[in-house]
Number of protein chains: 2
Amino acid sequence: MVDSTVNCTIAVDTMGGDLGPTEFIRGLFYATEELKLQSNFILVGKERLLTRLLKVRKLSIDPARIKIHNATQVIGMDEKPIQALKQKKDSSMVQAIKLLKDGDAQAVVSCGNTGALMAGGTLRMRPLPGLDRTALATIVPSRKKPFVLTDVGANPESTAINLVHNSVLGSNYAKAALGIENPRVALLTIGTEEGKGNTLINETHLQLQKLTGIINYVGPIEGFQLFDGNVDVVVCDGFVGNIVLKSSEALFGFIGSTIKEELLRNPKRKIGAALSASAFKDMKVRLSPDQHAGAPLLGLQGNILKSHGSSNYTAIGNALRIAGDLVKHDMIDSIQSEINQANELIDATETT
Amino acid sequence: MVDSTVNCTIAVDTMGGDLGPTEFIRGLFYATEELKLQSNFILVGKERLLTRLLKVRKLSIDPARIKIHNATQVIGMDEKPIQALKQKKDSSMVQAIKLLKDGDAQAVVSCGNTGALMAGGTLRMRPLPGLDRTALATIVPSRKKPFVLTDVGANPESTAINLVHNSVLGSNYAKAALGIENPRVALLTIGTEEGKGNTLINETHLQLQKLTGIINYVGPIEGFQLFDGNVDVVVCDGFVGNIVLKSSEALFGFIGSTIKEELLRNPKRKIGAALSASAFKDMKVRLSPDQHAGAPLLGLQGNILKSHGSSNYTAIGNALRIAGDLVKHDMIDSIQSEINQANELIDATETT
């Protein structure tokens with residue numbers, strides 16, 4: 001099998017992240033050296049700066065694999081998305097998306113302004129035919145293997161058909177980014193104890209049951225099962241997903257700081273903490289989002305990955321690796337095919 | 001000031017919890033001895049069993065404060081709520097609610113089947129005039145003080161007016177159970193980054209801004225701010241709240257077991273863990289829900305508190321203490337008054 005990432009080019013918006021373009025260069029080397037990513041790269045940003053930064057590091061890969069595309073402007077984290085996109089045509093983000101649109105690149109990775117990336121990506125690349133709304137997906141650790149959570153914020157006002165499409169999107173993302181052949185897809189809901197979900201969820205559940213042969217729908221799960229690792233994709237509305245994701249990150253930080261406070265409370269505990277310090281480091285690595293830092297905007301006619309604004313080189317390297325995986329798996333073609341099948345099945349049952 | 005809990009009677013459904021009536025008796029003693037609760041109690045359940053259990057323990061409080069009300073049946077955790085309520089008229093839960101309805105008790109505490117308690121409570125005690133839907137509230141720890149999260153599952157299909165009412169309910173619960181004079185009320189939403197909430201939240205936000213003088217609405221907050229402790233009440237739809245609550249509990253367990261695994265990985269870490277073991281115990285106490293285990297079904301014409309099915313005596317004792325606080329603060333009268341004011345303000349602005 002020919003590794004198609006060899007001929008894949010990733011456009012990298014190097015100016016958007018909180019840590020600046022240096023971290024992107026480090027991320028690029030991490031992806032190629034440690035993660036053995038075979039892609040080519042177009043670094044989009046201030047040319048002189050990028051050239052200088054590349055010169056500082058000894059290139060361990062073929063220099064022909066890295067190009068620089070000059071972009072004089074930067075969209076800030078706090079800028080209003082639509083306004084920024086209009087006013088900053090020569091920003092690294094807009095130019096990176098343009099490279100994707102023009103076919104010069106097969107994926108974009110950015111740590112920049114999420115709203116601008118989503119709006120710019122959607123305007124330029126358009127959702128796939130047959131699909132109304134895109135979805136942001138993220139990979140979350142669990143007691144067993146990591147799983148895909150989608151939507152985490154693209155569409156805070158979902159209909160049942162949006163959630164059905166999210167299921168197809170999430171399933172394809174799990175195949176491409178996690179290498180799972182037949183991902184188990186679940187629908188996030190609330191307990192039968194307190195009532196049974198809500199109208200949106202009940203309707204979605206009925207529709208998802210029709211998708212046999214397209215996705216592997218295993219049924220609803222509740223919040224308390226989220227981290228059990230018994231499913232590969234958890235589907236929810238963008239409002240719920242965003243709150244679950246962000247409150248989980250917040251809780252992780254809160255628990256961490258509470259443990260730290262308690263461990264520093266007296267000398268005996270401090271000694272204990274020093275002896276077991278490596279356990280906490282390993283725990284952080286296991287639960288850290290860095291390994292799966294790219295959150296793709298799924299459902300577009302092009303691969304666009306958002307990495308966290310504060311991404312370090314590991315997170316950036318992994319986002320680049322995932323971008324390569326999406327291209328390698330022809331994820332977009334696969335999504336288009338399954339969306340068509342899903343729409344046909346749903347239309348067919350609706351009219352019978 | 002006369003302590004009104006002296007003349008308050010709490011009906012205790014002793015049969016519903018996973019740990020059985022013994023734990024309820026322990027909880028009762030914990031509440032009266034440790035938490036200095038002044039209320040009277042009616043223990044509802046199998047009379048002979050309860051009499052025997054009470055005899056085993058040396059009563060440290062006036063025996064006149066404890067009565068037993070015989071109930072021959074028990075509603076199981078997995079029974080269908082409406083069916084169980086119809087078939088088990090002599091269950092401890094139905095009888096406890098009847099005591100409340102008849103004015104023999106001013107509050108009910110139960111660890112039983114949530115759906116049955118909610119349905120039975122709502123059917124018997126009815127929502128307050130001017131209010132369509134009830135809300136389950138819970139108290140959650142944060143970096144600073146604990147806060148009220150509501151609704152956590154009573155109403156998974158909220159309208160803006162339901163969320164406005166939740167805000168009034170949550171604010172009153174924070175006053176009564178946490179002793180906060182003017183609770184800061186926030187609305188849970190998603191970041192401006194990804195779009196701005198959804199229609200329901202935006203409409204609720206506009207309505208809440210009208211409630212100046214009734215509740216202290218401080219605006220929207222995002223998931224990442226949930227555990228910061230800068231607000232006293234977080235308002236959300238029952239679907240979102242249930243998922244946030246249950247996934248947070250799940251994450252807490254997941255992080256705990258991951259730390260444990262890592263700490264046991266080698267002898268050095270094990271020694272460290274042994275030296276710092278008390279830190280983890282203290283952390284658990286700080287973050288444990290036991291201190292605030294009663295989740296009231298707010299908005300009814302009677303105080304009904306659900307405690308977790310697996311509540312231990314500390315949790316039960318605290319639920320009893322909170323039940324006493326609600327009575328002491330005349331929470332229901334206060335809710336009725338504020339609901340009336342809120343409805344007037346909203347109607348007035350709607351028609352101008």
# chains A, B, ... in the order shown; residues from 1 in each chain; ligands from 1
$ residues_around --residues "Glu47 (chain B)" --least-positions-apart "5" --cutoff "7 Å" --atoms "only C-alpha atoms" --output "list in words"
Ile68, His69 and Asn70 of chain B
$ select_by_dssp --residues "region 219-274 of chain A" --states "strand (DSSP E)" --output "PyMOL selection string"
chain A and resi 219-222+233-235
$ residues_around --residues "region 279-290 of chain B" --least-positions-apart "4" --cutoff "6 Å" --atoms "only C-alpha atoms" --output "list of chain:residue names"
A:Glu262, A:Leu263, B:Pro141, B:Ala315
$ residues_around --residues "Ile97 (chain B)" --least-positions-apart "3" --cutoff "8 Å" --atoms "only C-alpha atoms" --output "ChimeraX atom specification"
/B:11,93-94,100-101,108,120-121,124
$ residues_around --residues "Thr159 (chain A)" --least-positions-apart "3" --cutoff "7 Å" --atoms "only C-alpha atoms" --output "list of chain:residue names"
A:Asn162, A:Leu163, A:Leu200
$ atom_distance --atom1 "CA of Gly115 (chain A)" --atom2 "CA of Asn242 (chain B)"
27.7 Å
$ closest_residue --among "B:Thr150, B:Gln341, B:Thr212, B:Ser158" --to "chain A" --atoms "only C-alpha atoms"
B:Ser158
$ closest_residue --among "B:Val235, B:Ile215, B:Met331, B:Ala154" --to "chain A" --atoms "only C-alpha atoms"
B:Ala154
$ residues_around --residues "Leu59 (chain B)" --least-positions-apart "3" --cutoff "12 Å" --atoms "only C-alpha atoms" --output "VMD selection string"
chain B and resid 25 to 26 28 to 30 32 to 33 53 to 56 62 to 66
$ write_last_selection --atoms "N, CA and C atoms" --output "compact mmCIF listing (two decimals), in the first residue's frame"
# COMPACT_ATOMS: atom_id res chain seq x y z
N ILE B 25 -31.16 5.33 60.35
CA ILE B 25 -31.12 5.55 61.79
C ILE B 25 -29.78 6.22 62.16
N ARG B 26 -28.70 5.70 61.59
CA ARG B 26 -27.39 6.31 61.83
C ARG B 26 -27.38 7.77 61.36
N LEU B 28 -29.91 9.75 61.15
CA LEU B 28 -30.72 10.56 62.06
C LEU B 28 -29.90 10.97 63.29
N PHE B 29 -29.13 10.01 63.81
CA PHE B 29 -28.31 10.33 64.97
C PHE B 29 -27.19 11.31 64.59
N TYR B 30 -26.63 11.12 63.43
CA TYR B 30 -25.59 12.05 62.96
C TYR B 30 -26.16 13.47 62.87
N THR B 32 -28.75 14.77 64.47
CA THR B 32 -29.13 15.38 65.75
C THR B 32 -27.92 15.59 66.65
N GLU B 33 -26.97 14.63 66.63
CA GLU B 33 -25.82 14.74 67.55
C GLU B 33 -24.73 15.64 66.98
N LEU B 53 -34.47 -1.47 65.42
CA LEU B 53 -33.25 -0.73 65.09
C LEU B 53 -33.04 0.45 66.06
N LEU B 54 -34.12 1.09 66.45
CA LEU B 54 -34.01 2.22 67.37
C LEU B 54 -33.58 1.74 68.76
N LYS B 55 -34.07 0.55 69.14
CA LYS B 55 -33.75 0.01 70.47
C LYS B 55 -32.27 -0.32 70.60
N VAL B 56 -31.68 -0.78 69.48
CA VAL B 56 -30.28 -1.17 69.49
C VAL B 56 -29.40 0.02 69.88
N ASP B 62 -34.38 13.27 73.00
CA ASP B 62 -35.70 13.03 73.58
C ASP B 62 -36.50 12.06 72.69
N PRO B 63 -36.89 10.91 73.23
CA PRO B 63 -37.60 9.91 72.42
C PRO B 63 -38.89 10.48 71.83
N ALA B 64 -39.44 11.50 72.44
CA ALA B 64 -40.68 12.10 71.92
C ALA B 64 -40.46 12.74 70.54
N ARG B 65 -39.21 12.99 70.20
CA ARG B 65 -38.92 13.62 68.91
C ARG B 65 -38.99 12.63 67.75
N ILE B 66 -39.02 11.35 68.05
CA ILE B 66 -39.02 10.35 66.97
C ILE B 66 -40.30 9.52 67.01
$ residues_around --residues "Phe252 (chain A)" --least-positions-apart "5" --cutoff "9 Å" --atoms "only C-alpha atoms" --output "number ranges by chain"
A: 247, 257; B: 251-252, 255
